[in-house]
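Data block below; observations after.
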Amino acid sequence: MKKTLLAVTISLSLFGLTACDSENTSKEHIPLELTVAHINDTHAHLDPTENGLAIQKFEFFAKLGGYPRLKFKLDELREQAGKDGRHFLTLFGGDAFQGTLYFTQFRGEEESRLLSEMGIDAATLGNHEFDLGNGPLNEYAAKVNYPIVAANLVKSSSSALKDNQNIHEYIIKEINGESVGIFGLVLDNMHDISSPDRDTQFQPMIASAQRTVDTLKKKGANKIIMVTHIGLQSDQAVAKAVNGIDLIVGGHSQTFLGDMDELNAIGYTAHNQNTSDDNTYAQMVTNPDGGKTCIVQAGEWAKGYGLVNVSLSKEGAITKCEGRNTLMSGDDFTKSIQDPGQDRERFLSRARGFDRPNRV
């Protein structure tokens, strides 16, 4: 892994990060075009994950994702956005912890080091970040080179977290002269599903979201992104109840949003879609005041990434939200053939049809 991942220097001031407490509601706003790459629920899957794909009588096992492939792709997307003159963000929807022996052995050390090479602009906290209590979480947040945002985590209530300088309710980034507010939202029932220290308090999600939006607008940021780890249904509920959020980058339900018919046809089913939900990628939800919020989420285990292009008016309204999720596969795979007269055979093969990511 150390040989594969090249160290890079990531500056939080790439677009100009501000934490000013002063209000600036009189700012003259302009339209803004953004390209946002997003990941979530990587769960310490540093290595690629093998997935079975069935085609007629053959069963293929493709290697999907992994941190080296993800870093390479994010670097490529960032470079292309620069060539196209587009402003680029990378956001992470939480749950870096738990899932493989890498976490069992290193307790977040490798995750913090390698995720810091991804060029992430902001991340929120997953429930599994609290699995070992607040101590390892505090170390993770102090080591990564991207800000952690969690508006409904009461940092001051935690003796372990209260002095951490990298955990914020929100950040404001200056992008092409526009103030873009980015805030996080975590599960408010964290004590029921994880192991935060007993003194740690979490405020209600919907009330916290509206309060933070209102605060950001008072500070002159009328273009607002929320990075969450609360699940697709809760993202949809927040969008229906809160005014002023332009884009929600989600996590927790590990939903690989998009039309899955093509991938289902070849046996890929590990996408966690609930048929009762709207599973559209870049789905638009109507707010109480008639505004719109776009919702995206990108699956699980660093198998792929989401990429969404967003247009925001000078008034802060979202006028375009289009994109897709992409699974990243290599061009090597194993193939199994069931022969009644022989034992099950697996052998390495080369398939040119797998040398590009599968897309939905």
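Naming works like this for the structure tokens: A, B, ... for the chains as they're shown, residue 1 at the start of each chain, ligands 1 onward in shown order.
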Closest contacts (region 217-260 of chain A/region 160-172 of chain A, max 10 Å, only C-alpha atoms) as JSON lines:
{"residue": "A:Lys219", "atom": "CA", "partner": "A:Ile172", "partner_atom": "CA", "distance": 9.0}
{"residue": "A:Gly220", "atom": "CA", "partner": "A:Ile172", "partner_atom": "CA", "distance": 9.4}
{"residue": "A:Ala221", "atom": "CA", "partner": "A:Ile172", "partner_atom": "CA", "distance": 7.3}
{"residue": "A:Lys223", "atom": "CA", "partner": "A:Ile172", "partner_atom": "CA", "distance": 9.8}
{"residue": "A:Ile224", "atom": "CA", "partner": "A:Ile172", "partner_atom": "CA", "distance": 9.1}
{"residue": "A:Ile225", "atom": "CA", "partner": "A:Tyr170", "partner_atom": "CA", "distance": 9.8}
{"residue": "A:Met226", "atom": "CA", "partner": "A:Tyr170", "partner_atom": "CA", "distance": 9.0}
{"residue": "A:Val227", "atom": "CA", "partner": "A:Tyr170", "partner_atom": "CA", "distance": 9.9}
*Would you return as a count of residues only the members of region 101-173 of chain A that DSSP assigns to strand (DSSP E) on this structure's backbone?*
12
*Determine the nearest neighbour of Gly108 (chain A) from the options A:Leu327, A:Ala142, A:Ala62, A:Ala44, counting only C-alpha atoms.*
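Nearest candidate to Gly108 (chain A) out of A:Leu327, A:Ala142, A:Ala62, A:Ala44: A:Ala44.
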*Which residues come within 12 Å of Gly133 (chain A), counting only C-alpha atoms, excluding same-chain residues fewer than 4 positions away, as a VMD selection string?*
chain A and resid 97 107 127 to 129 137 to 140 158 to 161 190 to 191 194 to 200
*Contacts of region 205-216 of chain A at 7 Å or less, counting only C-alpha atoms, minus same-chain residues fewer than 4 places along, as a ChimeraX atom specification?*
/A:151-152,181,185,188,220-221,238,242-244
*Fewer than 6 positions away in the same chain doesn't count, so skip those; otherwise give me all residues within 9 Å of region 311-326 of chain A, counting only C-alpha atoms, as an MDAnalysis selection string.*
chainID A and resid 28:35 221:224 244:247 256:258 281:284 291:299 303:305 357:360
*Which residue gives the smallest distance to Leu232 (chain A) among A:Asp261, A:Glu110, A:Gly93, A:Glu178, with only C-alpha atoms counted?*
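Checking each of A:Asp261, A:Glu110, A:Gly93, A:Glu178 against Leu232 (chain A), counting only C-alpha atoms, the winner is A:Gly93.
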*In region 221-341 of chain A, what's alpha helix (DSSP H) per DSSP? Answer as a VMD selection string?*
chain A and resid 232 to 241 261 to 265
If you keep C-alpha atoms, can you produce a file of those selected residues as an mmCIF file, in the first residue's frame?
data_model
loop_
_atom_site.group_PDB
_atom_site.id
_atom_site.type_symbol
_atom_site.label_atom_id
_atom_site.label_comp_id
_atom_site.auth_asym_id
_atom_site.auth_seq_id
_atom_site.Cartn_x
_atom_site.Cartn_y
_atom_site.Cartn_z
ATOM 1 C CA LEU A 232 -30.963 7.767 2.699
ATOM 2 C CA GLN A 233 -34.407 7.844 4.329
ATOM 3 C CA SER A 234 -33.229 10.352 6.923
ATOM 4 C CA ASP A 235 -31.554 12.459 4.221
ATOM 5 C CA GLN A 236 -34.885 12.559 2.403
ATOM 6 C CA ALA A 237 -36.723 13.461 5.613
ATOM 7 C CA VAL A 238 -34.305 16.318 6.374
ATOM 8 C CA ALA A 239 -34.626 17.664 2.827
ATOM 9 C CA LYS A 240 -38.420 17.663 3.144
ATOM 10 C CA ALA A 241 -38.294 19.483 6.494
ATOM 11 C CA ASP A 261 -30.915 -2.920 -14.007
ATOM 12 C CA GLU A 262 -27.712 -3.368 -15.992
ATOM 13 C CA LEU A 263 -25.619 -4.436 -13.017
ATOM 14 C CA ASN A 264 -28.388 -6.614 -11.567
ATOM 15 C CA ALA A 265 -28.466 -8.444 -14.891
#
*Could you tell me which of A:Phe88, A:Arg78, A:Gly119, A:Lys71 comes closest to Ile175 (chain A) if we count only C-alpha atoms?*
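Going through A:Phe88, A:Arg78, A:Gly119, A:Lys71 one by one, the smallest distance to Ile175 (chain A) is for A:Phe88.
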